[in-house]
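Peer 1: See run39.tsv below, with TSV, C-alpha atoms.
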```tsv
chain	number	residue	atom	x	y	z
J	16	MET	CA	-9.35	-257.62	187.46
J	17	TRP	CA	-7.59	-256.20	190.51
J	18	ARG	CA	-5.23	-254.38	188.19
J	19	LEU	CA	-8.20	-252.78	186.49
J	20	TYR	CA	-10.01	-251.71	189.62
J	21	ARG	CA	-7.25	-251.23	192.15
J	22	PRO	CA	-7.92	-248.29	194.45
J	23	ARG	CA	-6.17	-245.13	193.37
J	24	GLY	CA	-5.31	-242.26	195.66
J	25	ILE	CA	-4.80	-241.88	199.36
J	26	VAL	CA	-8.45	-241.06	200.05
J	27	THR	CA	-9.69	-244.22	198.33
J	28	ARG	CA	-7.17	-246.30	200.23
J	29	ALA	CA	-8.12	-244.66	203.51
J	30	TRP	CA	-11.79	-245.44	202.88
J	31	GLY	CA	-10.85	-249.04	202.10
J	32	VAL	CA	-8.93	-249.40	205.35
J	33	LEU	CA	-11.76	-247.78	207.30
J	34	ALA	CA	-14.33	-250.10	205.74
J	35	ALA	CA	-12.22	-253.13	206.67
J	36	VAL	CA	-11.76	-251.91	210.24
J	37	ARG	CA	-15.49	-251.26	210.46
J	38	VAL	CA	-16.26	-254.85	209.47
J	39	LEU	CA	-13.84	-256.15	212.10
J	40	ALA	CA	-15.19	-253.82	214.76
J	41	MET	CA	-18.83	-254.51	214.02
J	42	PRO	CA	-20.39	-256.57	216.85
J	43	LYS	CA	-21.55	-259.93	215.54
J	44	THR	CA	-24.46	-259.90	217.90
J	45	GLY	CA	-26.21	-257.09	219.66
J	46	SER	CA	-28.81	-254.53	219.03
J	47	CYS	CA	-29.35	-252.70	215.80
J	48	ALA	CA	-28.58	-249.47	217.65
J	49	ALA	CA	-25.12	-250.78	218.55
J	50	ARG	CA	-24.40	-251.77	214.95
J	51	ALA	CA	-25.74	-248.49	213.68
J	52	SER	CA	-23.64	-246.51	216.12
J	53	VAL	CA	-20.48	-248.34	215.00
J	54	THR	CA	-21.33	-247.52	211.37
J	55	ALA	CA	-22.08	-243.92	212.25
J	56	ALA	CA	-18.82	-243.57	214.16
J	57	PHE	CA	-16.81	-244.83	211.20
J	58	LEU	CA	-18.70	-242.56	208.82
J	59	VAL	CA	-17.87	-239.57	211.01
J	60	VAL	CA	-14.19	-240.54	211.20
J	61	GLY	CA	-14.07	-241.24	207.48
J	62	CYS	CA	-15.71	-237.96	206.50
J	63	GLY	CA	-13.39	-236.10	208.84
J	64	LEU	CA	-10.35	-237.70	207.24
J	65	ALA	CA	-11.67	-237.03	203.76
J	66	THR	CA	-12.37	-233.39	204.57
J	67	ALA	CA	-8.95	-232.94	206.11
J	68	GLY	CA	-7.39	-234.32	202.93
J	69	CYS	CA	-9.36	-232.02	200.61
J	70	GLY	CA	-7.24	-228.95	199.96
J	71	ASP	CA	-7.17	-227.08	196.69
J	72	ALA	CA	-5.00	-229.41	194.68
J	73	LEU	CA	-4.81	-227.10	191.70
J	74	ARG	CA	-3.72	-224.17	193.82
J	75	ASP	CA	-1.17	-226.33	195.64
J	76	GLN	CA	0.18	-227.42	192.28
J	77	ALA	CA	0.37	-223.83	191.05
J	78	VAL	CA	2.17	-222.73	194.22
J	79	ALA	CA	4.64	-225.59	193.92
J	80	ALA	CA	5.31	-224.59	190.32
J	81	LEU	CA	6.49	-221.17	191.51
J	82	GLY	CA	9.49	-222.82	193.11
J	83	PRO	CA	11.23	-221.99	196.36
J	84	GLU	CA	11.96	-218.55	197.77
J	85	ASP	CA	15.00	-216.71	196.48
J	86	PRO	CA	17.46	-217.20	199.37
J	87	ARG	CA	18.65	-213.60	198.93
J	88	VAL	CA	15.16	-212.19	199.53
J	89	PRO	CA	13.41	-213.14	202.76
J	90	PRO	CA	9.62	-213.64	202.65
J	91	GLY	CA	8.01	-210.22	202.92
J	92	PRO	CA	6.95	-207.26	200.81
J	93	LEU	CA	9.96	-207.55	198.50
J	94	HIS	CA	9.80	-211.25	197.74
J	95	ARG	CA	8.69	-213.17	194.65
J	96	SER	CA	8.32	-210.18	192.34
J	97	GLY	CA	6.44	-210.94	189.14
J	98	GLN	CA	4.65	-213.94	190.62
J	99	PRO	CA	0.87	-214.30	191.16
J	100	CYS	CA	0.64	-213.01	194.74
J	101	LEU	CA	-2.91	-214.13	195.50
J	102	LEU	CA	-2.09	-217.78	194.99
J	103	CYS	CA	-0.81	-217.69	198.57
J	104	HIS	CA	-2.16	-214.35	199.81
J	105	GLN	CA	-5.84	-215.31	199.77
J	106	GLN	CA	-8.31	-216.82	202.20
J	107	GLY	CA	-7.14	-220.37	202.77
J	108	GLY	CA	-3.77	-219.67	201.20
J	109	SER	CA	-0.46	-220.47	202.81
J	110	ALA	CA	0.56	-216.85	203.46
J	111	PRO	CA	-0.39	-215.21	206.76
J	112	SER	CA	-1.67	-212.04	205.06
J	113	THR	CA	-4.37	-211.73	202.41
J	114	PHE	CA	-4.52	-209.31	199.50
J	115	SER	CA	-7.40	-208.29	197.25
J	116	VAL	CA	-5.16	-206.98	194.46
J	117	ALA	CA	-1.41	-207.34	194.14
J	118	GLY	CA	1.33	-207.47	191.57
J	119	THR	CA	4.64	-206.17	190.31
J	120	VAL	CA	5.42	-203.26	188.01
J	121	PHE	CA	8.60	-203.32	185.97
J	122	VAL	CA	10.31	-200.41	184.26
J	123	ASP	CA	9.94	-201.80	180.75
J	124	ALA	CA	8.80	-204.86	178.85
J	125	THR	CA	12.07	-206.69	179.44
J	126	ALA	CA	11.06	-206.98	183.12
J	127	LYS	CA	14.68	-206.75	184.19
J	128	SER	CA	14.25	-203.80	186.57
J	129	PRO	CA	11.49	-203.15	189.07
J	130	ALA	CA	9.71	-199.80	188.98
J	131	PRO	CA	9.50	-198.38	192.51
J	132	GLY	CA	7.32	-195.49	193.56
J	133	VAL	CA	4.70	-196.07	190.88
J	134	SER	CA	1.10	-195.25	191.76
J	135	VAL	CA	-1.14	-198.18	190.89
J	136	ILE	CA	-4.68	-196.88	190.61
J	137	VAL	CA	-7.38	-199.52	190.75
J	138	ILE	CA	-10.87	-198.51	189.62
J	139	ASP	CA	-13.81	-200.82	189.91
J	140	ARG	CA	-17.21	-201.08	188.20
J	141	ALA	CA	-18.77	-198.82	190.81
J	142	GLY	CA	-16.19	-196.12	190.10
J	143	ALA	CA	-14.49	-196.65	193.47
J	144	ALA	CA	-10.75	-196.14	193.27
J	145	PHE	CA	-7.81	-197.10	195.40
J	146	THR	CA	-4.18	-196.17	194.93
J	147	ALA	CA	-1.28	-198.35	196.03
J	148	THR	CA	2.39	-197.58	195.52
J	149	THR	CA	5.07	-200.00	194.37
J	150	ASN	CA	8.01	-200.72	196.67
J	151	CYS	CA	11.66	-201.25	195.82
J	152	ALA	CA	10.90	-204.64	194.27
J	153	GLY	CA	8.17	-203.09	192.12
J	154	ASN	CA	5.63	-204.95	194.25
J	155	PHE	CA	2.35	-203.45	195.38
J	156	TYR	CA	-0.51	-204.95	197.31
J	157	VAL	CA	-3.97	-203.96	198.48
J	158	ARG	CA	-5.32	-205.45	201.67
J	159	PRO	CA	-9.00	-206.43	201.79
J	160	ASP	CA	-9.64	-204.17	204.77
J	161	SER	CA	-8.52	-201.22	202.63
J	162	PHE	CA	-10.28	-202.00	199.38
J	163	ILE	CA	-12.02	-204.88	197.65
J	164	PRO	CA	-12.85	-204.06	194.05
J	165	SER	CA	-16.27	-204.76	192.68
J	166	TYR	CA	-15.32	-206.49	189.44
J	167	PRO	CA	-14.57	-205.69	186.72
J	168	MET	CA	-11.65	-203.52	187.66
J	169	TRP	CA	-9.34	-201.40	185.57
J	170	VAL	CA	-5.79	-200.41	186.43
J	171	THR	CA	-3.77	-197.31	185.66
J	172	LEU	CA	-0.08	-196.81	186.40
J	173	ARG	CA	1.22	-193.36	187.06
J	174	ALA	CA	4.73	-192.09	187.79
J	175	GLY	CA	5.70	-188.49	187.17
J	176	SER	CA	4.35	-187.53	183.79
J	177	VAL	CA	3.99	-191.11	182.62
J	178	GLN	CA	0.58	-192.76	182.67
J	179	ARG	CA	-0.13	-196.24	181.39
J	180	ASP	CA	-3.68	-197.60	181.25
J	181	MET	CA	-4.53	-201.28	181.18
J	182	ASP	CA	-6.27	-201.97	177.87
J	183	SER	CA	-8.84	-204.45	179.11
J	184	ALA	CA	-10.48	-205.03	182.45
J	185	SER	CA	-9.89	-207.79	184.95
J	186	TYR	CA	-13.11	-209.61	185.69
J	187	ARG	CA	-12.16	-211.65	188.68
J	188	GLU	CA	-8.42	-211.96	189.08
J	189	GLY	CA	-6.59	-209.96	191.73
J	190	SER	CA	-3.11	-211.15	190.83
J	191	CYS	CA	-1.59	-209.21	187.96
J	192	ALA	CA	0.69	-212.12	187.14
J	193	ALA	CA	-2.23	-214.46	186.54
J	194	CYS	CA	-2.59	-212.84	183.11
J	195	HIS	CA	0.79	-211.09	182.95
J	196	ALA	CA	2.88	-214.19	183.51
J	197	GLY	CA	6.35	-214.38	182.04
J	198	ALA	CA	7.00	-213.43	178.45
J	199	ARG	CA	4.30	-212.16	176.15
J	200	GLY	CA	2.60	-215.04	174.34
J	201	PRO	CA	-0.76	-216.43	173.20
J	202	ALA	CA	-2.03	-216.71	176.77
J	203	SER	CA	-0.06	-213.95	178.49
J	204	ALA	CA	-0.04	-210.21	178.12
J	205	GLY	CA	3.60	-210.18	179.30
J	206	PRO	CA	4.90	-208.33	182.34
J	207	VAL	CA	3.26	-205.19	183.69
J	208	TYR	CA	5.53	-202.31	182.76
J	209	LEU	CA	5.54	-198.55	182.84
J	210	ILE	CA	7.81	-197.22	180.11
J	211	ASN	CA	6.82	-197.85	176.53
J	212	ASP	CA	9.12	-195.37	174.82
J	213	PRO	CA	12.32	-194.59	176.76
J	214	LYS	CA	13.05	-191.67	174.44
J	215	VAL	CA	10.11	-189.65	175.67
J	216	GLU	CA	9.11	-191.29	178.95
J	217	VAL	CA	11.22	-190.97	182.07
J	218	PRO	CA	11.31	-193.99	184.39
J	219	PRO	CA	11.14	-193.50	188.16
J	220	PRO	CA	14.49	-193.41	189.96
J	221	PRO	CA	15.62	-196.76	191.35
J	222	CYS	CA	15.65	-197.46	195.06
J	223	ARG	CA	18.86	-196.72	196.94
K	165	MET	CA	-35.39	-251.52	214.12
K	166	GLY	CA	-33.93	-254.98	214.84
K	167	PRO	CA	-30.77	-256.50	213.34
K	168	ARG	CA	-32.72	-258.07	210.49
K	169	ASN	CA	-34.40	-254.78	209.68
K	170	PHE	CA	-31.07	-252.98	209.82
K	171	ALA	CA	-29.62	-255.52	207.39
K	172	SER	CA	-32.60	-254.91	205.13
K	173	PHE	CA	-31.94	-251.21	205.40
K	174	GLU	CA	-28.34	-251.75	204.30
K	175	SER	CA	-29.52	-253.92	201.41
K	176	LEU	CA	-31.96	-251.25	200.32
K	177	THR	CA	-29.12	-248.74	200.28
K	178	TRP	CA	-27.15	-250.93	197.89
K	179	LEU	CA	-30.23	-251.61	195.77
K	180	GLY	CA	-30.98	-247.90	195.64
K	181	LEU	CA	-27.64	-246.95	194.14
K	182	PRO	CA	-28.21	-248.65	190.76
K	183	LEU	CA	-31.70	-247.14	190.65
K	184	VAL	CA	-30.25	-243.69	191.16
K	185	LEU	CA	-27.72	-244.36	188.40
K	186	LEU	CA	-30.51	-245.56	186.12
K	187	GLY	CA	-32.36	-242.35	186.83
K	188	CYS	CA	-29.31	-240.37	185.77
K	189	GLN	CA	-29.07	-242.39	182.59
K	190	ASN	CA	-32.61	-241.44	181.62
K	191	ASP	CA	-31.70	-237.76	181.92
K	192	VAL	CA	-29.22	-237.92	179.07
K	193	SER	CA	-31.09	-240.31	176.80
K	194	THR	CA	-32.62	-237.41	174.95
K	195	LEU	CA	-29.22	-236.86	173.35
K	196	ASP	CA	-30.14	-239.69	171.00
K	197	ASP	CA	-33.01	-237.65	169.59
K	198	ASN	CA	-30.70	-235.43	167.63
K	199	GLN	CA	-27.78	-237.72	167.18
K	200	GLY	CA	-26.44	-237.30	163.68
K	201	ASN	CA	-29.60	-236.06	162.03
K	202	GLY	CA	-28.00	-232.72	161.20
K	203	ARG	CA	-31.11	-230.73	161.98
K	204	LEU	CA	-29.87	-228.70	164.91
K	205	ALA	CA	-30.36	-225.00	164.39
K	206	VAL	CA	-27.49	-222.62	165.10
K	207	PRO	CA	-27.36	-218.83	165.30
K	208	ALA	CA	-25.98	-216.83	162.39
K	209	ARG	CA	-22.26	-216.99	161.72
K	210	ASN	CA	-22.06	-213.94	159.44
K	211	VAL	CA	-22.88	-211.41	162.16
K	212	PHE	CA	-21.07	-213.29	164.88
K	213	PRO	CA	-17.87	-211.15	164.82
K	214	SER	CA	-19.81	-208.23	166.31
K	215	VAL	CA	-21.13	-210.47	169.07
K	216	ALA	CA	-17.70	-211.98	169.65
K	217	ASP	CA	-16.10	-208.53	169.90
K	218	ALA	CA	-18.62	-207.56	172.56
K	219	MET	CA	-18.18	-210.83	174.44
K	220	GLN	CA	-14.43	-210.61	174.17
K	221	LEU	CA	-14.26	-207.54	176.40
K	222	HIS	CA	-16.60	-208.86	179.06
K	223	CYS	CA	-16.17	-212.61	178.96
K	224	GLY	CA	-12.99	-213.40	177.06
K	225	THR	CA	-10.28	-211.76	179.15
K	226	LEU	CA	-7.35	-213.92	180.14
K	227	ASP	CA	-8.64	-214.36	183.67
K	228	CYS	CA	-12.01	-215.70	182.53
K	229	HIS	CA	-13.00	-217.40	179.27
K	230	GLY	CA	-9.74	-216.49	177.58
K	231	GLN	CA	-8.28	-219.70	178.91
K	232	VAL	CA	-7.78	-223.06	177.25
K	233	GLY	CA	-9.34	-224.82	180.23
K	234	ARG	CA	-12.78	-223.34	179.53
K	235	ASN	CA	-15.55	-225.10	177.68
K	236	MET	CA	-16.68	-221.73	176.40
K	237	ARG	CA	-13.28	-220.67	175.15
K	238	LEU	CA	-13.00	-217.26	173.58
K	239	TYR	CA	-10.12	-216.12	171.43
K	240	GLY	CA	-9.44	-212.60	170.34
K	241	GLN	CA	-7.47	-209.41	170.32
K	242	PHE	CA	-7.84	-208.69	174.04
K	243	GLY	CA	-7.37	-212.21	175.33
K	244	LEU	CA	-6.27	-215.68	174.35
K	245	ARG	CA	-4.78	-216.00	170.87
K	246	LEU	CA	-5.24	-218.96	168.58
K	247	ASP	CA	-1.98	-218.40	166.74
K	248	PRO	CA	0.88	-219.75	168.89
K	249	LYS	CA	2.92	-216.74	167.78
K	250	GLY	CA	0.18	-214.28	168.62
K	251	ASP	CA	-0.22	-212.28	171.79
K	252	PRO	CA	-2.93	-210.25	173.49
K	253	LEU	CA	-3.12	-206.70	172.18
K	254	GLY	CA	-1.33	-207.75	169.02
K	255	GLN	CA	-3.21	-208.25	165.79
K	256	VAL	CA	-6.97	-207.79	165.57
K	257	THR	CA	-9.12	-210.86	166.00
K	258	SER	CA	-8.67	-213.18	163.02
K	259	THR	CA	-11.31	-215.07	161.07
K	260	ALA	CA	-9.91	-218.32	162.45
K	261	GLU	CA	-10.38	-216.96	165.97
K	262	TYR	CA	-13.98	-215.96	165.26
K	263	ASP	CA	-14.53	-219.47	163.87
K	264	ALA	CA	-13.04	-221.02	167.00
K	265	CYS	CA	-15.19	-218.85	169.28
K	266	TYR	CA	-18.30	-219.64	167.27
K	267	ALA	CA	-17.60	-223.38	167.36
K	268	SER	CA	-17.00	-223.22	171.09
K	269	ILE	CA	-20.26	-221.41	171.79
K	270	VAL	CA	-22.60	-223.39	169.53
K	271	ALA	CA	-21.14	-226.67	170.78
K	272	LEU	CA	-21.83	-225.90	174.43
K	273	GLU	CA	-25.44	-227.06	174.53
K	274	PRO	CA	-26.36	-227.91	170.93
K	275	GLU	CA	-29.86	-229.21	171.55
K	276	ALA	CA	-30.83	-226.41	173.90
K	277	MET	CA	-29.32	-223.83	171.59
K	278	SER	CA	-31.26	-225.28	168.68
K	279	GLN	CA	-34.46	-224.82	170.64
K	280	VAL	CA	-33.59	-221.25	171.58
K	281	VAL	CA	-32.67	-220.39	168.00
K	282	GLN	CA	-36.01	-221.79	166.85
K	283	ARG	CA	-37.73	-219.96	169.72
K	284	ALA	CA	-39.03	-223.18	171.16
K	285	ALA	CA	-37.32	-222.31	174.45
K	286	PRO	CA	-36.46	-219.03	176.17
K	287	PRO	CA	-32.91	-217.70	175.89
K	288	ASP	CA	-32.20	-218.31	179.55
K	289	THR	CA	-32.42	-222.02	178.84
K	290	LEU	CA	-28.78	-221.62	177.87
K	291	ALA	CA	-25.99	-221.50	180.41
K	292	MET	CA	-24.33	-218.78	178.32
K	293	VAL	CA	-27.29	-216.56	179.21
K	294	ARG	CA	-28.07	-217.84	182.70
K	295	LYS	CA	-24.54	-217.55	184.00
K	296	PRO	CA	-23.73	-213.95	183.04
K	297	ARG	CA	-27.18	-212.90	184.23
K	298	GLY	CA	-26.41	-214.41	187.59
K	299	ILE	CA	-29.31	-216.87	187.45
K	300	GLU	CA	-26.88	-219.77	187.70
K	301	GLU	CA	-23.66	-219.96	189.70
K	302	HIS	CA	-20.93	-218.20	187.74
K	303	LYS	CA	-17.38	-217.87	188.98
K	304	GLY	CA	-17.17	-214.45	187.37
K	305	GLY	CA	-20.37	-213.34	189.08
K	306	GLN	CA	-23.14	-211.42	187.38
K	307	VAL	CA	-21.71	-209.79	184.28
K	308	VAL	CA	-24.88	-208.56	182.58
K	309	VAL	CA	-28.27	-207.33	183.63
K	310	GLU	CA	-31.16	-208.61	181.56
K	311	GLY	CA	-31.80	-206.05	178.86
K	312	ASP	CA	-28.46	-204.25	179.02
K	313	ALA	CA	-26.35	-203.81	175.90
K	314	LEU	CA	-24.34	-207.02	176.14
K	315	ASP	CA	-27.44	-209.03	177.05
K	316	ARG	CA	-29.35	-207.61	174.06
K	317	CYS	CA	-26.35	-208.26	171.83
K	318	MET	CA	-26.08	-211.93	172.78
K	319	VAL	CA	-29.76	-212.74	173.07
K	320	GLY	CA	-30.65	-210.89	169.86
K	321	TRP	CA	-28.06	-212.95	168.02
K	322	LEU	CA	-29.34	-216.18	169.54
K	323	VAL	CA	-32.98	-215.62	168.58
K	324	GLY	CA	-32.30	-214.27	165.10
K	325	GLN	CA	-32.82	-210.59	165.92
K	326	PHE	CA	-29.24	-209.40	165.75
K	327	ASP	CA	-28.89	-205.98	167.33
K	328	ALA	CA	-25.76	-204.38	165.90
K	329	ASN	CA	-26.22	-201.19	167.90
K	330	SER	CA	-26.16	-203.04	171.20
K	331	CYS	CA	-23.01	-204.92	170.26
K	332	THR	CA	-21.34	-201.71	169.14
K	333	ALA	CA	-22.40	-199.96	172.34
K	334	VAL	CA	-20.64	-202.64	174.39
K	335	VAL	CA	-17.41	-202.24	172.46
K	336	GLN	CA	-17.52	-198.47	172.63
K	337	THR	CA	-18.22	-198.21	176.35
K	338	PRO	CA	-15.30	-196.22	177.77
K	339	ARG	CA	-13.35	-197.49	180.72
K	340	PRO	CA	-13.61	-195.44	183.91
K	341	GLU	CA	-10.86	-192.88	184.13
K	342	PRO	CA	-8.89	-192.12	187.26
K	343	ASP	CA	-8.89	-188.58	188.52
K	344	ALA	CA	-6.42	-186.30	186.83
K	345	GLY	CA	-2.97	-186.79	188.23
K	346	PRO	CA	-0.60	-184.19	189.55
```
As structure tokens, please, write out the structure in this file.

Peer 2:
Amino acid sequence: MWRLYRPRGIVTRAWGVLAAVRVLAMPKTGSCAARASVTAAFLVVGCGLATAGCGDALRDQAVAALGPEDPRVPPGPLHRSGQPCLLCHQQGGSAPSTFSVAGTVFVDATAKSPAPGVSVIVIDRAGAAFTATTNCAGNFYVRPDSFIPSYPMWVTLRAGSVQRDMDSASYREGSCAACHAGARGPASAGPVYLINDPKVEVPPPPCR
Amino acid sequence: MGPRNFASFESLTWLGLPLVLLGCQNDVSTLDDNQGNGRLAVPARNVFPSVADAMQLHCGTLDCHGQVGRNMRLYGQFGLRLDPKGDPLGQVTSTAEYDACYASIVALEPEAMSQVVQRAAPPDTLAMVRKPRGIEEHKGGQVVVEGDALDRCMVGWLVGQFDANSCTAVVQTPRPEPDAGP
């Protein structure tokens, strides 16, 4: 029976320990108020512990799946290109700064080279627009104090004479890589890229 | 409250829990009413592709219901693909994908949907109407306004008054264009 119903998880175990301590600490005699206050105290402590242990497990798992930092690229504007920025750069996330929209633009669909200097134009349902520019890693980011799109939002890339429009809107996701993760497949639109036809479209010059 | 009363209070708490659980059980007992009798009404399948195409653009993107983790899971050309070799923006939505979308939607709340289809309940009985209208908490926020094109498209289909023009209007709505570049 114990095998069937053994407590699972740190929170369950913590509650079990607290309940046992409460029984031991409960005065055998005394007023109801004293007993009630002991119970209340343990409830407060227990709820506090439970709350402290309640992070966003799914987000933590997703962040862990991204792997460690590339040792050649220190954390900053150039790091983790192609990854879903807002996993960490959001309220409650592990990064010190928050973004409302962020991502990486590559030169072409192979995603081997970043596309610097690309204007990323975000347009929301209200027609408000904001333009960010990609850096040497192809990364761009929009801070909430600059612009928060009213979803849905559409995105257009522009560099020189090349313009690439996103075919469908984003309805709630600020990280490009949430939908443009890795290779193109049944659940991914593939990397965000600028040049579709290298014969007629000129990519931006690389960073020096 | 003395010690005895406090003990009684604790006992009542433990007695109350099963009662609460029993109360919950009663809430779902109505499921038996339609179990296996095959009489649940569903909206039309033949016109569904137009509805699905409209929903695809507003509900079925990869960041929303174009995900395998969704109960209302939408497949299609601009989102999640059913074919493991498919990809967004590849082939147009297939019949199998329309079938999968249809099955996903009609299986969400079969009894409630049956009532809506038979006009025994208002359309906003259904979560698929309440959520996009913003009546019920929706992670994607309010997506439609009652009476707009997508709302008319979905609700018309649900109540047997399919409105092709509304569905087409949704699909043909142009995306906002950025100002002309340099």

Peer 1: So how far away is CA of Gly197 in chain J from CA of His94 in chain J, in Å?

Peer 2: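 One can read the CA of His94 in chain J to CA of Gly197 in chain J distance as 16.4 Å.
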
Peer 1: Give one line per residue of chain K that approaches chain J to at most 6 Å, naming the two atoms of the closest pair and their distance in Å to one decimal, counting only C-alpha atoms; sort by chain then ascending residue number and deliver it as JSON lines.

Peer 2:
```
{"residue": "K:Gly166", "atom": "CA", "partner": "J:Cys47", "partner_atom": "CA", "distance": 5.2}
{"residue": "K:Pro167", "atom": "CA", "partner": "J:Cys47", "partner_atom": "CA", "distance": 4.7}
{"residue": "K:Leu226", "atom": "CA", "partner": "J:Cys194", "partner_atom": "CA", "distance": 5.7}
{"residue": "K:Asp227", "atom": "CA", "partner": "J:Glu188", "partner_atom": "CA", "distance": 5.9}
{"residue": "K:Leu244", "atom": "CA", "partner": "J:Ala202", "partner_atom": "CA", "distance": 5.0}
{"residue": "K:Arg245", "atom": "CA", "partner": "J:Pro201", "partner_atom": "CA", "distance": 4.7}
{"residue": "K:Pro248", "atom": "CA", "partner": "J:Pro201", "partner_atom": "CA", "distance": 5.7}
{"residue": "K:Gly250", "atom": "CA", "partner": "J:Pro201", "partner_atom": "CA", "distance": 5.1}
{"residue": "K:Asp251", "atom": "CA", "partner": "J:Pro201", "partner_atom": "CA", "distance": 4.4}
{"residue": "K:Pro252", "atom": "CA", "partner": "J:Ala204", "partner_atom": "CA", "distance": 5.5}
{"residue": "K:Gly304", "atom": "CA", "partner": "J:Arg187", "partner_atom": "CA", "distance": 5.9}
```

Peer 1: In terms of the shortest atom-to-atom distance over only C-alpha atoms, which of J:Gly82, J:Gln76, J:Val207, J:Gln105 is closest to Ser128 in chain J?

Peer 2: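 Of the candidates, the smallest distance to Ser128 in chain J is held by J:Val207.
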
Peer 1: State, in Å with one decimal place, the distance from CA of Ala218 in chain K to CA of Ala205 in chain K.

Peer 2: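 A separation of 22.6 Å between them.
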
Peer 1: Given the point (-26.2, -209.9, 184.9) in the file's coordinates, find the residues that have an atom at most 12 Å from it, counting only C-alpha atoms, and give them as a list in words.

Peer 2: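 With a cut-off of 12 Å, the residues come to His222, Cys223, Asp288, Met292, Val293, Arg294, Lys295, Pro296, Arg297, Gly298, Ile299, Glu300, Glu301, His302, Gly304, Gly305, Gln306, Val307, Val308, Val309, Glu310, Gly311, Asp312, Ala313, Leu314, Asp315 and Arg316 of chain K.
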